[in-house]
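For reference, my_file35.cif (mmCIF, C-alpha atoms and all ligand atoms):
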data_query
#
loop_
_atom_site.group_PDB
_atom_site.id
_atom_site.type_symbol
_atom_site.label_atom_id
_atom_site.label_comp_id
_atom_site.auth_asym_id
_atom_site.auth_seq_id
_atom_site.Cartn_x
_atom_site.Cartn_y
_atom_site.Cartn_z
ATOM 1 C CA MET H 1 40.573 61.027 -30.512
ATOM 2 C CA ASN H 2 43.794 59.522 -29.168
ATOM 3 C CA GLN H 3 43.938 56.497 -26.914
ATOM 4 C CA SER H 4 44.046 58.328 -23.634
ATOM 5 C CA THR H 5 41.176 60.673 -24.454
ATOM 6 C CA CYS H 6 38.387 59.973 -22.000
ATOM 7 C CA ILE H 7 35.847 62.667 -22.872
ATOM 8 C CA SER H 8 35.549 64.256 -26.298
ATOM 9 C CA ILE H 9 33.278 67.172 -27.184
ATOM 10 C CA GLN H 10 33.131 68.031 -30.862
ATOM 11 C CA SER H 11 31.401 71.092 -32.321
ATOM 12 C CA VAL H 12 28.697 71.046 -29.664
ATOM 13 C CA ASP H 13 25.895 73.598 -29.795
ATOM 14 C CA LYS H 14 22.934 73.754 -27.440
ATOM 15 C CA SER H 15 19.930 76.013 -27.683
ATOM 16 C CA PHE H 16 16.929 76.346 -25.417
ATOM 17 C CA GLY H 17 14.264 77.852 -27.661
ATOM 18 C CA LYS H 18 15.951 80.721 -29.466
ATOM 19 C CA LYS H 19 18.661 81.094 -26.863
ATOM 20 C CA LYS H 20 22.007 79.527 -27.743
ATOM 21 C CA VAL H 21 23.673 78.532 -24.477
ATOM 22 C CA LEU H 22 26.575 76.511 -25.899
ATOM 23 C CA ASP H 23 28.312 77.662 -29.060
ATOM 24 C CA SER H 24 30.801 75.480 -30.991
ATOM 25 C CA ILE H 25 32.347 73.736 -28.005
ATOM 26 C CA ASP H 26 35.417 71.587 -28.721
ATOM 27 C CA LEU H 27 37.136 69.914 -25.812
ATOM 28 C CA ASN H 28 39.114 66.769 -25.009
ATOM 29 C CA VAL H 29 39.673 65.534 -21.467
ATOM 30 C CA GLN H 30 42.443 62.977 -21.001
ATOM 31 C CA THR H 31 42.206 59.902 -18.810
ATOM 32 C CA SER H 32 43.252 60.567 -15.222
ATOM 33 C CA GLU H 33 43.162 64.323 -15.667
ATOM 34 C CA ILE H 34 41.517 66.773 -13.264
ATOM 35 C CA PHE H 35 39.858 69.113 -15.722
ATOM 36 C CA GLY H 36 38.063 72.272 -14.617
ATOM 37 C CA LEU H 37 35.302 74.291 -16.237
ATOM 38 C CA LEU H 38 35.570 77.823 -14.952
ATOM 39 C CA GLY H 39 33.208 80.640 -15.748
ATOM 40 C CA PRO H 40 30.624 83.025 -14.402
ATOM 41 C CA SER H 41 27.030 82.082 -13.696
ATOM 42 C CA GLY H 42 25.168 81.343 -16.914
ATOM 43 C CA ALA H 43 28.324 80.550 -18.928
ATOM 44 C CA GLY H 44 26.980 77.088 -19.769
ATOM 45 C CA LYS H 45 29.043 74.873 -17.456
ATOM 46 C CA THR H 46 26.101 72.900 -16.056
ATOM 47 C CA THR H 47 24.571 72.445 -19.502
ATOM 48 C CA LEU H 48 27.857 70.988 -20.748
ATOM 49 C CA VAL H 49 28.453 68.612 -17.828
ATOM 50 C CA ARG H 50 24.878 67.298 -18.056
ATOM 51 C CA MET H 51 25.625 66.188 -21.619
ATOM 52 C CA ILE H 52 28.815 64.485 -20.522
ATOM 53 C CA ALA H 53 26.910 62.697 -17.767
ATOM 54 C CA GLY H 54 24.394 61.563 -20.395
ATOM 55 C CA ILE H 55 21.333 63.317 -18.995
ATOM 56 C CA ASP H 56 20.982 65.914 -21.749
ATOM 57 C CA THR H 57 21.806 65.961 -25.452
ATOM 58 C CA PRO H 58 23.357 68.608 -27.706
ATOM 59 C CA SER H 59 21.340 70.420 -30.378
ATOM 60 C CA SER H 60 24.212 69.543 -32.716
ATOM 61 C CA GLY H 61 27.703 68.076 -32.432
ATOM 62 C CA ARG H 62 29.046 64.996 -30.675
ATOM 63 C CA VAL H 63 29.723 64.068 -27.062
ATOM 64 C CA THR H 64 31.829 60.917 -26.698
ATOM 65 C CA VAL H 65 32.813 59.294 -23.406
ATOM 66 C CA LEU H 66 35.146 56.279 -23.284
ATOM 67 C CA ASN H 67 34.919 56.079 -27.095
ATOM 68 C CA THR H 68 31.122 55.801 -26.932
ATOM 69 C CA PRO H 69 28.607 58.392 -28.168
ATOM 70 C CA MET H 70 26.492 59.700 -25.296
ATOM 71 C CA PRO H 71 23.954 59.144 -23.898
ATOM 72 C CA ASP H 72 24.755 55.485 -23.244
ATOM 73 C CA LEU H 73 23.415 53.605 -20.231
ATOM 74 C CA THR H 74 26.435 51.323 -19.843
ATOM 75 C CA ILE H 75 28.836 54.253 -19.832
ATOM 76 C CA MET H 76 26.571 56.183 -17.444
ATOM 77 C CA GLN H 77 27.100 53.381 -14.903
ATOM 78 C CA ARG H 78 30.823 54.125 -15.069
ATOM 79 C CA ILE H 79 30.349 57.823 -14.289
ATOM 80 C CA GLY H 80 29.828 59.348 -10.863
ATOM 81 C CA PHE H 81 27.730 62.472 -11.338
ATOM 82 C CA MET H 82 27.168 65.058 -8.677
ATOM 83 C CA ALA H 83 24.573 67.589 -9.784
ATOM 84 C CA GLN H 84 24.426 71.160 -8.566
ATOM 85 C CA SER H 85 21.228 70.620 -6.625
ATOM 86 C CA ASP H 86 21.293 67.704 -4.242
ATOM 87 C CA ALA H 87 19.174 64.719 -5.261
ATOM 88 C CA LEU H 88 18.688 63.277 -1.791
ATOM 89 C CA TYR H 89 15.781 61.699 0.056
ATOM 90 C CA THR H 90 15.506 64.173 2.887
ATOM 91 C CA GLU H 91 13.119 62.058 4.994
ATOM 92 C CA LEU H 92 15.647 59.210 5.089
ATOM 93 C CA THR H 93 18.906 58.981 7.006
ATOM 94 C CA ALA H 94 22.241 59.329 5.238
ATOM 95 C CA ARG H 95 22.776 55.583 5.606
ATOM 96 C CA GLU H 96 19.400 54.861 3.994
ATOM 97 C CA ASN H 97 20.233 57.225 1.116
ATOM 98 C CA LEU H 98 23.602 55.550 0.578
ATOM 99 C CA ASP H 99 22.007 52.135 0.810
ATOM 100 C CA PHE H 100 19.456 53.074 -1.856
ATOM 101 C CA PHE H 101 22.003 54.462 -4.320
ATOM 102 C CA ALA H 102 24.420 51.587 -3.665
ATOM 103 C CA GLY H 103 21.585 49.234 -4.623
ATOM 104 C CA ILE H 104 21.082 51.100 -7.917
ATOM 105 C CA TYR H 105 24.777 50.581 -8.679
ATOM 106 C CA GLY H 106 24.511 46.885 -7.897
ATOM 107 C CA LEU H 107 26.610 46.951 -4.731
ATOM 108 C CA ARG H 108 25.723 44.202 -2.242
ATOM 109 C CA GLY H 109 26.794 42.707 1.079
ATOM 110 C CA SER H 110 30.228 43.405 2.523
ATOM 111 C CA LYS H 111 31.380 45.352 -0.540
ATOM 112 C CA LYS H 112 28.423 47.710 -0.103
ATOM 113 C CA ALA H 113 29.113 48.151 3.616
ATOM 114 C CA GLU H 114 32.792 48.792 2.944
ATOM 115 C CA ARG H 115 32.084 51.407 0.251
ATOM 116 C CA ILE H 116 29.480 53.219 2.390
ATOM 117 C CA LYS H 117 31.973 53.406 5.260
ATOM 118 C CA ARG H 118 34.784 54.616 2.999
ATOM 119 C CA VAL H 119 32.887 57.359 1.150
ATOM 120 C CA MET H 120 31.500 58.771 4.387
ATOM 121 C CA GLU H 121 35.064 58.918 5.770
ATOM 122 C CA ILE H 122 36.177 60.825 2.676
ATOM 123 C CA VAL H 123 33.565 63.529 3.216
ATOM 124 C CA ASN H 124 33.977 63.461 6.993
ATOM 125 C CA LEU H 125 30.384 62.474 7.751
ATOM 126 C CA SER H 126 30.909 59.122 9.472
ATOM 127 C CA GLU H 127 29.497 60.486 12.722
ATOM 128 C CA GLU H 128 26.331 61.691 10.992
ATOM 129 C CA MET H 129 25.481 58.458 9.227
ATOM 130 C CA ASN H 130 22.206 57.860 11.070
ATOM 131 C CA LYS H 131 20.911 61.416 11.004
ATOM 132 C CA VAL H 132 17.836 62.217 8.904
ATOM 133 C CA VAL H 133 19.036 64.273 5.916
ATOM 134 C CA ARG H 134 16.345 66.928 6.525
ATOM 135 C CA ASN H 135 18.418 67.894 9.578
ATOM 136 C CA TYR H 136 21.666 68.209 7.594
ATOM 137 C CA SER H 137 23.121 71.653 6.792
ATOM 138 C CA GLY H 138 23.534 72.692 3.142
ATOM 139 C CA GLY H 139 27.255 71.849 3.224
ATOM 140 C CA MET H 140 26.544 68.426 4.768
ATOM 141 C CA LYS H 141 24.073 67.680 1.974
ATOM 142 C CA ARG H 142 26.723 68.609 -0.606
ATOM 143 C CA ARG H 143 29.168 66.258 1.101
ATOM 144 C CA LEU H 144 26.630 63.454 1.167
ATOM 145 C CA SER H 145 25.945 64.002 -2.557
ATOM 146 C CA LEU H 146 29.678 63.772 -3.219
ATOM 147 C CA ALA H 147 29.866 60.566 -1.168
ATOM 148 C CA ILE H 148 27.045 59.078 -3.254
ATOM 149 C CA SER H 149 28.811 59.959 -6.513
ATOM 150 C CA LEU H 150 31.899 58.052 -5.287
ATOM 151 C CA LEU H 151 30.038 54.933 -4.101
ATOM 152 C CA HIS H 152 30.522 52.694 -7.138
ATOM 153 C CA GLU H 153 34.197 53.651 -7.671
ATOM 154 C CA PRO H 154 33.468 55.321 -11.015
ATOM 155 C CA GLU H 155 36.223 55.727 -13.600
ATOM 156 C CA ILE H 156 34.926 59.204 -14.347
ATOM 157 C CA LEU H 157 33.700 61.778 -11.877
ATOM 158 C CA VAL H 158 31.601 64.686 -13.098
ATOM 159 C CA LEU H 159 31.171 67.170 -10.283
ATOM 160 C CA ASP H 160 29.078 70.329 -10.672
ATOM 161 C CA GLU H 161 30.311 72.809 -8.056
ATOM 162 C CA PRO H 162 31.107 70.095 -5.532
ATOM 163 C CA THR H 163 32.476 72.284 -2.761
ATOM 164 C CA VAL H 164 29.874 75.058 -2.571
ATOM 165 C CA GLY H 165 28.994 75.583 1.088
ATOM 166 C CA ILE H 166 31.875 73.441 2.308
ATOM 167 C CA ASP H 167 34.354 75.004 4.717
ATOM 168 C CA PRO H 168 37.943 75.628 3.563
ATOM 169 C CA ILE H 169 39.535 72.863 5.656
ATOM 170 C CA LEU H 170 37.194 70.164 4.430
ATOM 171 C CA ARG H 171 37.465 71.589 0.918
ATOM 172 C CA GLN H 172 41.225 71.026 1.102
ATOM 173 C CA SER H 173 40.765 67.438 2.213
ATOM 174 C CA ILE H 174 38.210 66.767 -0.520
ATOM 175 C CA TRP H 175 40.672 68.130 -3.086
ATOM 176 C CA ALA H 176 43.401 65.926 -1.648
ATOM 177 C CA GLU H 177 41.060 62.974 -2.183
ATOM 178 C CA LEU H 178 40.310 64.043 -5.760
ATOM 179 C CA GLU H 179 44.060 64.233 -6.425
ATOM 180 C CA LYS H 180 44.477 60.727 -5.004
ATOM 181 C CA LEU H 181 41.681 59.401 -7.220
ATOM 182 C CA SER H 182 43.212 61.078 -10.260
ATOM 183 C CA ALA H 183 46.600 59.494 -9.459
ATOM 184 C CA GLN H 184 44.790 56.132 -9.416
ATOM 185 C CA GLY H 185 43.494 56.770 -12.932
ATOM 186 C CA VAL H 186 40.094 58.367 -12.316
ATOM 187 C CA THR H 187 39.198 61.175 -14.724
ATOM 188 C CA ILE H 188 37.641 64.148 -12.958
ATOM 189 C CA LEU H 189 35.661 66.954 -14.542
ATOM 190 C CA VAL H 190 34.732 69.696 -12.139
ATOM 191 C CA THR H 191 32.918 73.007 -12.527
ATOM 192 C CA THR H 192 33.799 75.870 -10.263
ATOM 193 C CA HIS H 193 33.578 79.599 -9.683
ATOM 194 C CA VAL H 194 36.377 79.448 -7.147
ATOM 195 C CA MET H 195 39.747 80.562 -8.510
ATOM 196 C CA ASP H 196 41.918 78.741 -5.979
ATOM 197 C CA GLU H 197 40.077 75.536 -6.846
ATOM 198 C CA ALA H 198 40.553 76.164 -10.546
ATOM 199 C CA ASP H 199 44.264 76.564 -9.809
ATOM 200 C CA LYS H 200 44.334 72.960 -8.545
ATOM 201 C CA CYS H 201 43.079 71.539 -11.861
ATOM 202 C CA HIS H 202 45.608 70.046 -14.247
ATOM 203 C CA ARG H 203 43.902 71.842 -17.119
ATOM 204 C CA LEU H 204 41.023 74.244 -17.407
ATOM 205 C CA ALA H 205 38.551 75.549 -19.912
ATOM 206 C CA MET H 206 37.489 79.099 -19.226
ATOM 207 C CA MET H 207 33.915 79.692 -20.384
ATOM 208 C CA ARG H 208 31.872 82.770 -21.019
ATOM 209 C CA ASP H 209 28.512 83.190 -22.755
ATOM 210 C CA GLY H 210 28.428 79.617 -24.023
ATOM 211 C CA LYS H 211 31.912 79.742 -25.521
ATOM 212 C CA ILE H 212 35.309 78.500 -24.454
ATOM 213 C CA ILE H 213 37.599 81.515 -24.312
ATOM 214 C CA ALA H 214 40.781 79.657 -23.276
ATOM 215 C CA ILE H 215 42.026 76.136 -22.563
ATOM 216 C CA GLY H 216 45.256 75.177 -20.836
ATOM 217 C CA SER H 217 46.996 74.548 -17.558
ATOM 218 C CA PRO H 218 46.597 77.264 -14.918
ATOM 219 C CA ASN H 219 50.290 78.088 -15.174
ATOM 220 C CA ASP H 220 50.291 78.283 -18.965
ATOM 221 C CA MET H 221 47.278 80.588 -18.823
ATOM 222 C CA LYS H 222 48.940 82.877 -16.321
ATOM 223 C CA GLU H 223 52.162 82.912 -18.353
ATOM 224 C CA GLU H 224 50.409 83.536 -21.627
ATOM 225 C CA THR H 225 48.511 86.513 -20.264
ATOM 226 C CA GLN H 226 51.372 87.612 -17.982
ATOM 227 C CA ALA H 227 48.850 87.644 -15.154
ATOM 228 C CA SER H 228 49.750 87.066 -11.541
ATOM 229 C CA SER H 229 46.517 85.222 -10.778
ATOM 230 C CA LEU H 230 44.038 83.034 -12.588
ATOM 231 C CA GLU H 231 41.385 85.684 -12.015
ATOM 232 C CA ALA H 232 43.538 88.255 -13.838
ATOM 233 C CA ALA H 233 44.171 85.723 -16.618
ATOM 234 C CA PHE H 234 40.420 85.142 -16.933
ATOM 235 C CA LEU H 235 39.837 88.877 -17.356
ATOM 236 C CA ALA H 236 42.696 89.110 -19.854
ATOM 237 C CA TYR H 237 41.066 86.406 -21.977
ATOM 238 C CA GLY H 238 37.890 88.482 -22.054
ATOM 239 C CA GLY H 239 35.988 86.970 -19.142
ATOM 240 C CA ALA H 240 33.470 89.174 -17.359
ATOM 241 C CA ALA H 241 34.306 90.594 -13.952
ATOM 242 C CA ARG H 242 32.175 88.866 -11.316
HETATM 243 N N1 LIG H 301 16.307 73.964 -19.292
HETATM 244 C C1 LIG H 301 16.613 75.205 -19.655
HETATM 245 N N2 LIG H 301 15.754 75.976 -20.322
HETATM 246 C C2 LIG H 301 16.082 77.238 -20.711
HETATM 247 N N3 LIG H 301 17.273 77.826 -20.448
HETATM 248 C C3 LIG H 301 18.168 77.101 -19.775
HETATM 249 C C4 LIG H 301 17.907 75.760 -19.338
HETATM 250 N N4 LIG H 301 19.010 75.300 -18.687
HETATM 251 C C5 LIG H 301 19.903 76.302 -18.724
HETATM 252 N N5 LIG H 301 19.406 77.381 -19.365
HETATM 253 C C6 LIG H 301 20.131 78.647 -19.628
HETATM 254 O O1 LIG H 301 21.372 78.308 -20.179
HETATM 255 C C7 LIG H 301 22.374 79.230 -19.755
HETATM 256 C C8 LIG H 301 23.536 78.435 -19.173
HETATM 257 O O2 LIG H 301 23.125 77.856 -17.941
HETATM 258 P P1 LIG H 301 24.061 76.894 -17.108
HETATM 259 O O3 LIG H 301 23.286 76.454 -15.913
HETATM 260 O O4 LIG H 301 24.615 75.858 -17.991
HETATM 261 O O5 LIG H 301 25.226 77.884 -16.663
HETATM 262 P P2 LIG H 301 26.341 77.705 -15.571
HETATM 263 O O6 LIG H 301 27.603 78.193 -16.165
HETATM 264 O O7 LIG H 301 26.343 76.313 -15.062
HETATM 265 O O8 LIG H 301 25.872 78.682 -14.435
HETATM 266 P P3 LIG H 301 25.954 78.503 -12.823
HETATM 267 O O9 LIG H 301 27.387 78.676 -12.482
HETATM 268 O O10 LIG H 301 25.086 79.608 -12.311
HETATM 269 O O11 LIG H 301 25.428 77.165 -12.509
HETATM 270 C C9 LIG H 301 21.700 80.168 -18.774
HETATM 271 O O12 LIG H 301 21.382 81.353 -19.463
HETATM 272 C C10 LIG H 301 20.441 79.425 -18.373
HETATM 273 O O13 LIG H 301 19.426 80.314 -18.046
#
Show how you would write the structure in this file as structure tokens.
Amino acid sequence: MNQSTCISIQSVDKSFGKKKVLDSIDLNVQTSEIFGLLGPSGAGKTTLVRMIAGIDTPSSGRVTVLNTPMPDLTIMQRIGFMAQSDALYTELTARENLDFFAGIYGLRGSKKAERIKRVMEIVNLSEEMNKVVRNYSGGMKRRLSLAISLLHEPEILVLDEPTVGIDPILRQSIWAELEKLSAQGVTILVTTHVMDEADKCHRLAMMRDGKIIAIGSPNDMKEETQASSLEAAFLAYGGAAR
């Protein structure tokens, strides 16, 4: 692992019962990189990011984050994790949800107020702060989950399909924010099905059936396969049509 490696996955396998869902995964994500995991449903993306976030463990192999074997509670505090299904208290308002999670991360007083204001601006929900989350749309809940993952200014963001259900304009502005965070040194790992989102990643791992079928920058992948789009490159590497 070199000095700027932030996340290292070495020979990781994962089985649920007899079913092997991750098979010999090797992957390094560099500090400050926006790294994408792209692949069809069931490829193993969520299983892999859960290990990086420290909430699941491999059957064999090593997952190391910030030079520390995972899971590790101290490192987990330095990660912002946005799961695929929203973990929100739907009977509370957005502000009450943010307040609760900010408390878990040890934010207090004016710093807490400032962070709550800022993350809600990022996801364009400032006007909806006092609404009960039960009355939020699916896309609004996704945005609130993203806001929560950003609250404690984590050095690493692990985002599982962060923009599902979010309209294209807001999706653009969220990506602009991710690019800003990356320029400030935040490492971002994002899973996606969406090709134009994958195109925005600095590097990608294409996954299928628990295996990585290609790793590289979107441009390198397109050049290597002489494909005009990332979707065509994915198919050329042996990905399934979706
Ligand atoms: N707890 C579990 N028990 C049994 N099988 C599981 C479990 N979690 C995941 N799987 C299986 O592992 C495989 C990979 O699932 P995973 O959710 O990681 O894929 P994914 O690429 O994230 O898919 P999606 O894009 O639909 O979220 C699937 O076949 C899934 O059914």
Q: Taking the file above as input, evaluate the PyMOL selection byres (((chain H and resi 228-231) around 12) and not hetatm) and report the hits as a VMD selection string.
A: chain H and resid 38 to 40 193 to 201 204 to 206 214 216 to 227 232 to 242
Per residue of chain H within 12 Å of ligand LIG 301 (chain H), which atom pair is closest and at what distance in Å (one decimal), using all atoms listed in the file, listed by chain and increasing number, as CSV?
residue,atom,partner,partner_atom,distance
H:Asp13,CA,H:LIG301,O1,11.6
H:Lys14,CA,H:LIG301,O1,8.7
H:Ser15,CA,H:LIG301,N3,7.9
H:Phe16,CA,H:LIG301,C2,4.9
H:Gly17,CA,H:LIG301,C2,7.2
H:Lys18,CA,H:LIG301,C2,9.4
H:Lys19,CA,H:LIG301,N3,7.3
H:Lys20,CA,H:LIG301,O1,7.7
H:Val21,CA,H:LIG301,O1,4.9
H:Leu22,CA,H:LIG301,C8,7.6
H:Asp23,CA,H:LIG301,C8,11.0
H:Leu37,CA,H:LIG301,O6,8.6
H:Leu38,CA,H:LIG301,O6,8.1
H:Gly39,CA,H:LIG301,O6,6.1
H:Pro40,CA,H:LIG301,O9,5.8
H:Ser41,CA,H:LIG301,O10,3.4
H:Gly42,CA,H:LIG301,O5,3.5
H:Ala43,CA,H:LIG301,O6,3.7
H:Gly44,CA,H:LIG301,O4,3.2
H:Lys45,CA,H:LIG301,O6,3.8
H:Thr46,CA,H:LIG301,O7,3.6
H:Thr47,CA,H:LIG301,O4,3.7
H:Leu48,CA,H:LIG301,O4,6.5
H:Val49,CA,H:LIG301,O4,8.2
H:Arg50,CA,H:LIG301,O4,8.6
H:Met51,CA,H:LIG301,O4,10.4
H:Ile55,CA,H:LIG301,N1,11.8
H:Asp56,CA,H:LIG301,N1,9.6
H:Thr57,CA,H:LIG301,N1,11.5
H:Ala83,CA,H:LIG301,O11,10.0
H:Gln84,CA,H:LIG301,O11,7.3
H:Ser85,CA,H:LIG301,O11,9.8
H:Leu159,CA,H:LIG301,O7,11.4
H:Asp160,CA,H:LIG301,O7,7.9
H:Glu161,CA,H:LIG301,O9,7.9
H:Pro162,CA,H:LIG301,O11,11.4
H:Val164,CA,H:LIG301,O9,10.8
H:Val190,CA,H:LIG301,O7,11.1
H:Thr191,CA,H:LIG301,O7,7.8
H:Thr192,CA,H:LIG301,O9,7.3
H:His193,CA,H:LIG301,O9,6.9
H:Val194,CA,H:LIG301,O9,10.5
H:Ala205,CA,H:LIG301,O6,11.9
H:Met206,CA,H:LIG301,O6,10.4
H:Met207,CA,H:LIG301,O6,7.7
H:Arg208,CA,H:LIG301,O6,7.9
H:Asp209,CA,H:LIG301,C8,7.8
H:Gly210,CA,H:LIG301,C8,7.0
H:Lys211,CA,H:LIG301,O6,10.4
H:Ile212,CA,H:LIG301,O6,11.3
H:Arg242,CA,H:LIG301,O9,11.3
Region 33-35 of chain H: which residues within 6 Å, counting all atoms listed in the file, same-chain residues fewer than 6 positions away excluded, as a list in words?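 Counting all atoms listed in the file, the residues come to Thr187, Ile188, Leu189, Cys201, His202, Arg203 and Leu204 of chain H.
When CA of Arg171 (chain H) is paired with CA of Gln184 (chain H), their separation reads 20.0 Å.
Here CA of Ala147 (chain H) stands at a distance of 6.5 Å from CA of Val123 (chain H).
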Kindly indicate which residue among H:Gln10, H:Ser110, H:Gln77, H:Ser145 lies nearest to Gly61 (chain H), using only C-alpha atoms for the distances.
->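 Using only C-alpha atoms, the shortest distance to Gly61 (chain H) belongs to H:Gln10.
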Restricting the calculation to only C-alpha atoms, which member of H:Leu150, H:Ile213, H:Ala53, H:Ile156 is positioned closest to Tyr105 (chain H)?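 Ranked by minimum distance to Tyr105 (chain H), first place goes to H:Leu150.
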(request) Just the residues within 10 Å of Met76 (chain H), please, counting only C-alpha atoms, with nothing from its chain fewer than 4 positions along; format it as a PyMOL selection string. (result) chain H and resi 52-55+65+70-72+80-81+154+156
One residue among H:Ile75, H:Leu151, H:Ile122, H:Val158 is nearest to Phe101 (chain H) when using only C-alpha atoms, and that residue is H:Leu151
Between CA of Asn97 (chain H) and CA of Val133 (chain H), what is the distance, to one decimal in Å?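 Calculated distance between CA of Asn97 (chain H) and CA of Val133 (chain H) is 8.6 Å.
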Practice prompt. Identify all residues satisfying the PyMOL selection byres (((chain H and resi 124) around 10) and not hetatm) in the given file; provide them as a list in words.
Written response: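 Residues picked by the PyMOL selection byres (((chain H and resi 124) around 10) and not hetatm): Arg118, Val119, Met120, Glu121, Ile122, Val123, Leu125, Ser126, Glu127, Glu128, Met140, Arg143, Leu144, Ala147, Leu170, Ser173 and Ile174 of chain H.
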Axis-aligned box for all listed atoms of region 172-191 of chain H, 6 Å per side, centre and edges in Å to one decimal, as JSON:
{"center_x": 39.8, "center_y": 64.6, "center_z": -6.3, "size_x": 25.7, "size_y": 28.9, "size_z": 28.9}
